[in-house]
Each structure stands twice: as C-alpha cells, then as structure tokens.
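Have a look at the structure below before the remarks.
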Protein chains: 2
Amino acid sequence: MKLIQSPGGLRLKMKGIMVICDGMGDRPHSEHGGMTPLEAADTPNMDAMADEGLVGFMDVVAPGVPPGSDVAHLSLFGYDPHEYYTGRGGFEAVGAGLSLSPGDVAFRCNFATVDDDLTVMDRRAGRIKEDADKLMPAIRGFRLDVEGLTYEFHHTVEHRGVLVFRGKNLSRHVSDTDPHKVGERILKSTPLEPEEAAERTAEALNQFTLKSFEALKDHPVNLKRIQEGKPPANIILSRGAGTLPTLQTIPQKYGVKASAIAAVALVRGICKVVGMELINVPGATGGLDTNYSAKAEAALKSIKENDLTILHVKATDVASHDGDFEEKRRAIEKIDEMIGVIRREVRGSNVFVAVTADHTTPIAVRDHMGDPVPFLLWGPGVFRSGVGRFCERTARKGNAGRMRGPDLIHELLNYMGFSQKFGF
Amino acid sequence: MKLIQSPGGLRLKMKGIMVICDGMGDRPHSEHGGMTPLEAADTPNMDAMADEGLVGFMDVVAPGVPPGSDVAHLSLFGYDPHEYYTGRGGFEAVGAGLSLSPGDVAFRCNFATVDDDLTVMDRRAGRIKEDADKLMPAIRGFRLDVEGLTYEFHHTVEHRGVLVFRGKNLSRHVSDTDPHKVGERILKSTPLEPEEAAERTAEALNQFTLKSFEALKDHPVNLKRIQEGKPPANIILSRGAGTLPTLQTIPQKYGVKASAIAAVALVRGICKVVGMELINVPGATGGLDTNYSAKAEAALKSIKENDLTILHVKATDVASHDGDFEEKRRAIEKIDEMIGVIRREVRGSNVFVAVTADHTTPIAVRDHMGDPVPFLLWGPGVFRSGVGRFCERTARKGNAGRMRGPDLIHELLNYMGFSQKFGF
C-alpha cells in the first residue's frame with residue numbers, strides 16, 4: 001500500500017484487478033429461452049459482486065461500432081483509439097517479443113501456399129507448425145532494394161509470423177499483400193496515402209513477398225512437404241501494417257505499477273506498449289482449455305507487487321466465434337470460478353475488482369458487434385446496485401449508467417486513489 | 001436480404017425503418033395534468049414496441065443545445081454536425097431540386113416588401129404565391145459585377161426561393177441581408193471571416209439584393225398588386241448562406257441502399273446530400289393534414305428495395321410551433337396509427353424499426369429546445385425494456401440509457417448487420 005500527500009492529508013493508495021472477458025457480451029438467444037450465455041451461466045461470484053457494487057453498460061468505442069480486439073483494448077486501457085490506434089502490426093510484433101522503434105513498420109504474416117501463378121491455394125500452408133522454423137533462415141537472407149531499409153522476420157506460432165521494416169521514411173499506410181481469400185492472386189501492396197514513405201514501404205513489401213516466394217518455392221523442406229502430400233509453405237503473406245503509437249504509458253500517466261496476465265500475442269503487445277509488466281502463467285493458453293485457477297493465483301500474486309493487474313481471458317471469444325452457446329456458457333462459468341478465487345482472497349481488503357468484456361460477440365453472429373458490454377466495479381465503499389445478477393440485461397438498468405471504453409479504468413483508478421486532478 | 005462474407009461465415013443483412021417525428025419531444029404541461037402531448041396521446045403501437053424493445057433518451061447534439069432542423073437531421077443520420085454542418089442554404093437548394101457543385105454558395109430567400117427607404121414592410125410580401133412565378137424572369141436577367149461569378153434564382157413555394165452563387169473563390173461566411181424583422185432596414189451583407197472569398201460573396205449578395213429591388217419595384221405584376229391593395233414583392237431578402245458539406249454518403253460509408261420519405265424541402269435536401277433516394281408520396285404535405293397511411297404504405301414498399309428507409313413527419317413540429325397541445329396530441333396519435341401499419345406488416349420479419357424526434361419543441365415554448373428526445377429501437381433479438389409506455393418519462397428510465405444523435409442510426413445499422421469494425 002502506498003501513501004501520498006494530498007490536500008486532504010495522506011491519501012491511501014489502493015489496488016485494482018481488471019478482468020477482461022474477451023467477447024463475453026451477447027444477445028438474447030431464442031433457442032435458449034431468450035437468454036444470453038451470461039444469463040444462462042451459473043455465476044454466483046459475479047452476481048454477488050454486481051449486486052454489491054457498481055453495474056453499468058459500456059460502448060467500448062461508440063454505440064453501434066464493433067471494435068477490433070486491438071482498438072478495444074486500447075480503449076479499455078484509457079486511450080481513445082481515434083487518437084492512439086496505429087494499426088495492428090506494431091502490437092502484434094511487440095506481443096511476439098520484438099522491440100520496435102518509433103518509425104518501424106510491422107506486419108502480421110502467414111506462411112501460405114500459392115501456385116506458380118501466385119494464386120492462393122491455402123492461406124495457412126496446412127496450418128504448418130515446426131516446419132516453419134526450418135524455413136526461417138531462407139527468409140532472412142535476402143536484400144531489399146529500398147534505400148536505408150532493413151527487415152526482420154520472425155516465426156511466432158503455427159503458421160503465423162511478424163515482419164518488421166526498420167529505417168527512416170516508412171509508413172503504415174500501405175495495403176495488404178494477403179488477399180484474405182483462397183483462389184485469389186496475392187495482392188500488390190499500394191500506398192494508401194499520397195506520401196513517399198508509403199510508396200517506399202509498399203515497394204519494400206512487394207519485393208519481400210516476391211523474394212519470399214523465390215526463396216521458399218524450391219526449398220528442401222517444401223519439396224519434402226510436397227512429397228508427403230502437404231501444402232508447401234512457399235510464400236509469406238502480410239497484412240495489418242502498424243507502427244507503435246506515441247503515448248504516455250499507464251505508469252507515466254497515473255503513477256501506477258501495472259501488470260498483465262494474457263496469453264494472446266496481440267493483447268500482450270498492447271499491454272506491453274502501455275507499460276504493463278507481462279506475467280507468464282503456465283497453462284494459460286488463450287484457448288478453451290486455459291488454466292483458470294492458475295490465472296487467478298497469478299493475479300493474486302501479481303497484485304501484491306503491483307497497483308493494477310489486468311487479467312485477460314480469451315476463451316469466451318473463441319466459443320463465440322465458433323457459435324457454440326454451451327461452450328461459451330461453460331467458459332463464463334469457469335471465469336466466474338476464477339473470479340471467485342480472487343473475490344474470496346481480496347474480500348474486505350483494499351483491492352477493487354472490475355469485470356467487463358472488450359466487445360460483444362453474439363453467438364448468432366459469430367463476429368464482433370457494436371452492442372454495449374456489461375461491466376461491474378466492486379470494492380470497499382462503492383455504491384450497491386442491488387441488481388441481483390450480472391448480465392447484459394441488469395447492466396442496462398444498473399447504477400452506473402452508460403459509459404465509453406476509456407471510462408472504466410479511470411473510474412477504477414479513481415477508487416484506487418490514483419486519479420489525476422484536472423485543473424487546480 | 002443480403003449476405004456478406006464475414007470472418008464467422010455468411011452474415012445476414014437486415015433492414016431498418018427510422019421514423020423521425022419532428023419536434024415530438026415535449027415537457028410536462030401543468031394544464032394537462034403534468035403530462036406531455038406524447039403522454040396524453042393514445043399510442044398503443046409505440047407503447048408495445050417500446051415495451052418489447054430498447055428505449056432510451058438522446059441528446060441530438062448535446063445536452064441543453066437546441067438543434068436546428070438541419071443540424072438535427074445531419075446528426076440523426078450519423079454525421080457530427082460540428083464537423084459536417086456548412087449552413088442551411090445548401091441543403092435547402094438541393095431539397096428544391098437544384099444541383100450544387102463544391103464551392104457554390106446557396107441562400108434561402110424571401111420575396112418581401114420594402115418601402116423606398118428599403119425598410120421592410122412585410123417579410124413575406126403578403127405570403128405571395130402565384131405572382132412570384134411571374135416575377136422570376138425579372139430577377140434572372142441582370143449581371144453581377146463580381147469576376148467569374150454567376151447566379152441562379154429559383155422560386156420554390158409560397159414566398160420562398162433559393163439563390164445560388166456559382167464560381168470560384170466564394171464563401172458561406174457572409175451575413176444575411178434579411179433583418180428578420182418588420183420595420184427595420186434591409187441589412188448590408190458583410191464578411192464573417194477575414195477572407196477575400198467572403199468579401200466577394202458579400203459584395204455579390206449586396207449587388208443582387210439592390211438589383212432585385214430595381215428590377216421589381218416598378219414591375220407590372222407589382223403595380224397590379226398595389227392597385228389590388230396587396231403588398232408588392234419588390235425585393236429578395238436572403239439568409240442562411242450554405243455550401244454542400246464534403247462527406248461520405250450513407251451508401252458509401254455503410255454499404256446500405258437508403259431511401260427517404262419527407263415532404264419538407266430542407267429535410268429532403270439533407271436526405272439527398274447523404275445519398276438517400278427521395279420517395280414522393282401523394283398527399284404527404286408536411287402539414288397537419290398529411291396522408292399518414294400513404295406514408296406508411298410508401299415506407300413498406302420502399303423497404304422492399306432498400307436496406308434503410310427514413311420516414312419523416314413534420315406535423316408534430318407544426319403543432320408545437322403553434323403552441324397547440326391538442327393538435328400535437330392528435331398528430332402523435334396519427335403517427336402512432338401510421339407506425340401501427342408498419343408494425344403489423346413487419347412483425348416477425350427481418351425489419352428493425354427506430355422511432356425518435358429530431359428535437360424537443362415544447363408547446364409552452366413554441367421553439368426548439370435543447371432537452372433530450374425519447375427513442376425506441378424494436379426488432380428481432382433486441383433486449384426487452386418492459387417500460388410499458390413510450391414517452392419522455394419512460395425513456396429516461398429505459399434500457400438504452402442516454403445517447404447522442406449520431407448513435408441511434410449506428411445502433412440500428414449494427415443490428416441490421418451493416419456496422420463497420422474499427423480495428424482488427
């Protein structure tokens with residue numbers, strides 16, 4: 001616990017855990033009695049915390065605007081994405097462990113399969129895994145003929161990788177080479193803004209793409225894959241050009257020491273960029289089989305040494321994209337057990353807990369939608385909502401009204417005693 | 001119905017009808033048991049839809065800011081008026097059927113009566129109608145001495161007209177020549193910004209105004225009017241300089257095909273500028289006598305070929321400006337019958353219906369006020385509010401909270417499946 005001098009004397013600094021349940025918000029489902037997965041789930045811990053605390057609903061970006069995962073997390077961490085969003089690639093690269101300098105441009109990449117005409121046969125090269133590592137040296141060896149530009153390529157997981165362009169006068173305003181569809185030719189990257197930097201970057205990306213094909217098409221690893229009846233990983237397709245945003249980190253802005261527990265590379269990247277320490281939890285996979293109790297224990301351990309800990313769970317979104325109501329309900333119940341571990345431990349202490357989602361992914365739609373998400377904020381001295389349950393419906397009639405994404409962390413920091421006065 | 005490829009597979013595209021009841025919002029009225037006209041009206045259809053759907057209240061611009069009709073509709077169509085509002089004249093001109101090019105400046109005009117000293121005797125020249133057409137050639141014949149500038153003048157309805165300046169280096173930042181008051185001299189238009197374009201435009205407007213007086217004062221039509229004891233229409237007064245805003249139309253922004261049913265020229269102009277097809281409905285007058293069922297039938301027909309249809313009703317605002325509680329109540333009841341026709345037809349289908357007002361015009365004030373307006377959003381799979389009735393009071397305790405003007409159409413498009421993801 002910290003004490004700081006304030007005009008009213010010594011102000012107590014408290015702690016906060018923010019649980020982000022990816023894609024947890026949903027819509028009434030006619031096949032399930034008009035209930036949402038959150039309503040159908042048995043969630044005694046979140047229900048009690050909602051009843052005892054603040055409950056409301058939140059437009060993570062704006063009403064009716066579906067946020068991407070990157071935009072959603074920036075917003076939940078207090079950064080207006082209209083100002084701070086600079087493309088996905090940068091966060092992805094940082095999440096994969098690369099360090100980016102201002103001006104560097106990063107891309108999300110796939111090992112893919114194309115025919116001789118450069119038409120995409122398989123966007124994931126048969127979901128290639130180990131073989132991708134063996135192909136890495138071949139993709140690192142060539143020179144791009146764009147002055148002052150160097151590149152780095154890293155294989156991350158499965159068929160995925162990250163490409164980084166380093167140098168001066170580069171731009172993220174370039175189009176993808178990935179056509180996002182099987183049966184279409186790879187795309188030529190073009191500048192999206194009339195600027196020399198974008199022309200240079202698009203030129204470099206096109207060179208890299210063609211050279212990756214030259215370097216991979218007759219590679220022994222691929223010849224062996226073809227012999228084995230597997231699709232060769234004979235090209236690197238790129239998308240989502242991004243840079244790092246220029247921002248004040250959360251420690252800089254609020255004076256809090258912050259940590260994050262997250263398995264997904266993108267979320268890890270954003271957490272790192274905003275100045276959070278990344279905690280690795282064995283068994284936390286980002287999938288439906290993630291180790292929930294290990295995550296709860298890690299959060300409880302981490303909050304001892306930090307002021308703010310983010311706990312991100314991906315499983316709800318995975319089930320939503322699969323359109324699986326029962327799986328989503330089960331994931332929510334496991335999340336509730338995880339939150340129960342935290343609740344029992346911090347009850348009566350100086351720790352506030354916020355629970356929310358980064359966006360709504362309705363089972364019936366299987367994609368991010370622009371519906372508001374529910375949230376709760378629980379801890380010592382907050383007003384009691386008395387709503388009984390935690391769900392989309394009670395959130396709409398709660399005691400905290402309708403807010404925007406960046407507001408929740410600010411309310412949490414305010415209760416924790418870390419809010420920054422505006423004016424004197 | 002459309003299907004589009006989304007990461008989750010084929011996403012169903014649905015339809016939406018947005019009913020805008022001009023000036024419908026009001027305040028409690030002590031002479032009517034503290035009820036608003038909406039509360040006093042018998043509105044079984046809107047009540048049922050509010051009960052079954054989302055209900056909330058909305059600041060069309062911002063709390064306490066009364067929106068003009070032009071600003072209100074821009075906002076309801078999803079365009080922040082702080083960014084997109086470029087004066088009334090441009091919308092009025094487009095609504096009157098003129099085509100405007102970027103850079104053209106348009107004015108709303110009145111045929112008016114002045115004495116020899118150019119003091120206004122009647123701002124509407126005795127609400128002149130047919131005679132105005134006969135005066136048109138005289139106003140079209142003269143030359144303005146401003147380099148590269150041409151003008152067009154059109155009589156629209158009754159005493160009203162539209163003046164358009166075409167050419168380069170023009171500006172909408174000029175003051176009105178219309179003093180807006182009887183007994184005052186006409187005003188000299190002056191630049192409102194220190195720019196050459198505004199100087200040129202003000203100069204042209206002053207020339208036009210004086211030349212209209214020269215051309216009209218001894219016109220045979222006016223001499224005859226004087227003989228008949230009618231005020232001569234001997235000058236054109238101008239106000240509300242405007243250009244067309246540069247914007248992405250609704251079809252461009254969201255990929256929806258949109259149509260609008262509206263009788264008022266200004267609203268028609270805005271609908272056209274944002275890319276909606278204008279539907280003409282015989283008997284739809286914009287007055288209290290408008291043909292409501294014809295409007296409902298037209299909306300039902302139009303939504304078959306469009307994704308989104310706007311249905312604007314002016315009668316509520318007319319009654320409000322007249323300060324007539326009973327007339328407003330009756331207009332609301334007719335609107336409810338009109339909505340009932342739509343409700344019965346689309347019930348159980350893929351059509352969402354939103355109902356709201358563009359601003360509050362309290363009977364007691366007889367002018368636009370900055371109070372929030374109620375709204376409802378009804379259709380398959382929305383959360384049920386259970387509020388029982390649709391009125392200003394239940395809207396404040398609904399399940400959709402408090403929103404801003406541009407949010408409603410975004411929520412509607414989100415349910416329709418046309419929202420655009422921000423980020424990845």
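Going through the structure tokens in order, the chains are called A, B, and so on, while each chain numbers its residues from 1 and the ligands are numbered from 1 in the order shown.
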Write out as a PyMOL selection string all residues of range 227-346 of chain A that backbone DSSP assigns to helix (DSSP H, G or I).
chain A and resi 227+250-254+265-273+292-305+315-321+325-346
For Asp104 in chain B: contacts at 9 Å, only C-alpha atoms, fewer than 2 positions along chain excluded, given as number ranges by chain
B: 90, 100-102, 106, 164-168, 170-172, 242-244
Since we have the selection now, will you write its residues out, keeping C-alpha atoms, as a short mmCIF file (atom, residue, chain, number, x, y, z; two decimals), in the first residue's frame?
data_model
loop_
_atom_site.label_atom_id
_atom_site.label_comp_id
_atom_site.auth_asym_id
_atom_site.auth_seq_id
_atom_site.Cartn_x
_atom_site.Cartn_y
_atom_site.Cartn_z
CA GLY B 90 -27.01 24.29 -49.48
CA LEU B 100 -24.92 22.25 -56.28
CA SER B 101 -21.23 21.89 -57.04
CA PRO B 102 -18.48 22.06 -54.42
CA ALA B 106 -26.69 28.98 -51.66
CA VAL B 164 -27.17 30.12 -55.74
CA PHE B 165 -23.84 31.77 -56.49
CA ARG B 166 -21.56 29.72 -58.71
CA GLY B 167 -17.89 30.29 -59.43
CA LYS B 168 -14.51 30.12 -57.76
CA LEU B 170 -16.73 32.11 -52.86
CA SER B 171 -17.54 31.66 -49.18
CA ARG B 172 -20.55 30.92 -46.99
CA GLY B 242 -24.53 27.50 -47.07
CA THR B 243 -22.39 25.16 -49.13
CA LEU B 244 -22.57 21.41 -49.52
#
Residue nearest chain A among B:Val346, B:Met46, B:Leu412, B:Val264 (counting only C-alpha atoms):
B:Leu412
Would you mind writing down, as a VMD selection string, each residue of range 263-412 of chain B that DSSP on the backbone assigns to strand (DSSP E)?
chain B and resid 277 to 279 308 to 313 351 to 356 373 to 378 402 to 404
Could you write out that same residue set with C-alpha atoms as a compact mmCIF listing (two decimals), in the first residue's frame?
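Saved the output as selection.txt:
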# COMPACT_ATOMS: atom_id res chain seq x y z
CA GLU B 277 -33.25 8.14 -52.76
CA LEU B 278 -36.20 10.53 -52.32
CA ILE B 279 -39.62 8.88 -52.44
CA LEU B 308 -32.79 1.60 -44.78
CA THR B 309 -35.79 3.91 -45.12
CA ILE B 310 -36.22 7.22 -43.31
CA LEU B 311 -39.79 8.34 -42.64
CA HIS B 312 -40.04 11.99 -41.60
CA VAL B 313 -43.26 13.54 -40.25
CA VAL B 351 -37.03 -5.35 -40.29
CA PHE B 352 -35.93 -3.20 -37.35
CA VAL B 353 -37.86 -0.02 -36.56
CA ALA B 354 -36.48 3.01 -34.71
CA VAL B 355 -38.71 5.90 -33.63
CA THR B 356 -37.44 9.23 -32.36
CA VAL B 373 -35.68 13.32 -27.06
CA PRO B 374 -37.07 9.82 -26.44
CA PHE B 375 -36.24 6.95 -28.78
CA LEU B 376 -37.13 3.30 -29.23
CA LEU B 377 -35.44 0.56 -31.26
CA TRP B 378 -37.55 -2.52 -31.97
CA ARG B 402 -28.63 8.33 -22.71
CA MET B 403 -27.08 8.65 -26.15
CA ARG B 404 -26.08 11.30 -28.67
Can you work out which residues from chain A touch chain B at a cut-off of 9 Å (counting only C-alpha atoms) and hand them back as a ChimeraX atom specification?
/A:27-30,34,57,61-72,81,85,87-88,240,321-323,365-371,392-397,401-402
Could you pull the residues within 7 Å of range 158-162 of chain A, counting only C-alpha atoms, minus those fewer than 4 positions along the same chain, as number ranges by chain?
A: 93, 106-111, 124, 127-129, 153-154
Generate a file of the selected residues that holds N, CA, C and O atoms, formatted as a short mmCIF file (atom, residue, chain, number, x, y, z; two decimals), in the first residue's frame.
data_model
loop_
_atom_site.label_atom_id
_atom_site.label_comp_id
_atom_site.auth_asym_id
_atom_site.auth_seq_id
_atom_site.Cartn_x
_atom_site.Cartn_y
_atom_site.Cartn_z
N ALA A 93 3.78 -7.37 -33.12
CA ALA A 93 5.23 -7.57 -33.08
C ALA A 93 5.75 -7.50 -31.65
O ALA A 93 6.55 -8.35 -31.23
N ALA A 106 5.45 -2.69 -38.78
CA ALA A 106 5.35 -4.14 -38.59
C ALA A 106 4.10 -4.68 -39.26
O ALA A 106 3.09 -3.99 -39.38
N PHE A 107 4.18 -5.94 -39.70
CA PHE A 107 3.06 -6.62 -40.36
C PHE A 107 2.80 -7.95 -39.67
O PHE A 107 3.74 -8.60 -39.20
N ARG A 108 1.53 -8.37 -39.68
CA ARG A 108 1.19 -9.73 -39.31
C ARG A 108 1.35 -10.57 -40.58
O ARG A 108 0.89 -10.16 -41.65
N CYS A 109 1.97 -11.73 -40.44
CA CYS A 109 2.23 -12.55 -41.62
C CYS A 109 1.70 -13.96 -41.45
O CYS A 109 1.54 -14.45 -40.34
N ASN A 110 1.45 -14.59 -42.59
CA ASN A 110 1.13 -16.01 -42.66
C ASN A 110 2.11 -16.72 -43.59
O ASN A 110 2.42 -16.18 -44.66
N PHE A 111 2.59 -17.90 -43.19
CA PHE A 111 3.15 -18.81 -44.16
C PHE A 111 1.97 -19.35 -44.96
O PHE A 111 1.01 -19.85 -44.37
N ARG A 124 -2.89 -20.84 -44.90
CA ARG A 124 -2.13 -21.21 -43.71
C ARG A 124 -1.16 -22.36 -43.97
O ARG A 124 -0.66 -22.96 -43.05
N ARG A 127 -1.79 -25.21 -42.02
CA ARG A 127 -1.51 -24.90 -40.59
C ARG A 127 -0.14 -25.43 -40.18
O ARG A 127 0.02 -26.06 -39.13
N ILE A 128 0.84 -25.13 -41.00
CA ILE A 128 2.23 -25.53 -40.77
C ILE A 128 2.68 -25.10 -39.37
O ILE A 128 2.29 -24.06 -38.88
N LYS A 129 3.47 -25.98 -38.72
CA LYS A 129 3.98 -25.61 -37.39
C LYS A 129 5.52 -25.66 -37.37
O LYS A 129 6.17 -24.70 -37.73
N PHE A 153 12.32 -10.82 -39.89
CA PHE A 153 11.15 -11.68 -39.95
C PHE A 153 11.24 -12.73 -38.85
O PHE A 153 12.29 -13.33 -38.64
N HIS A 154 10.12 -12.92 -38.13
CA HIS A 154 10.09 -13.91 -37.06
C HIS A 154 8.88 -14.81 -37.20
O HIS A 154 7.77 -14.33 -37.44
#
Identify, on the basis of only C-alpha atoms, every residue whose closest approach to Pro44 in chain B does not exceed 10 Å; exclude the query and any residue fewer than 2 positions from it along the same chain; express the result as an MDAnalysis selection string.
chainID B and resid 41:42 46:50 333 336:337 339:340 388:390
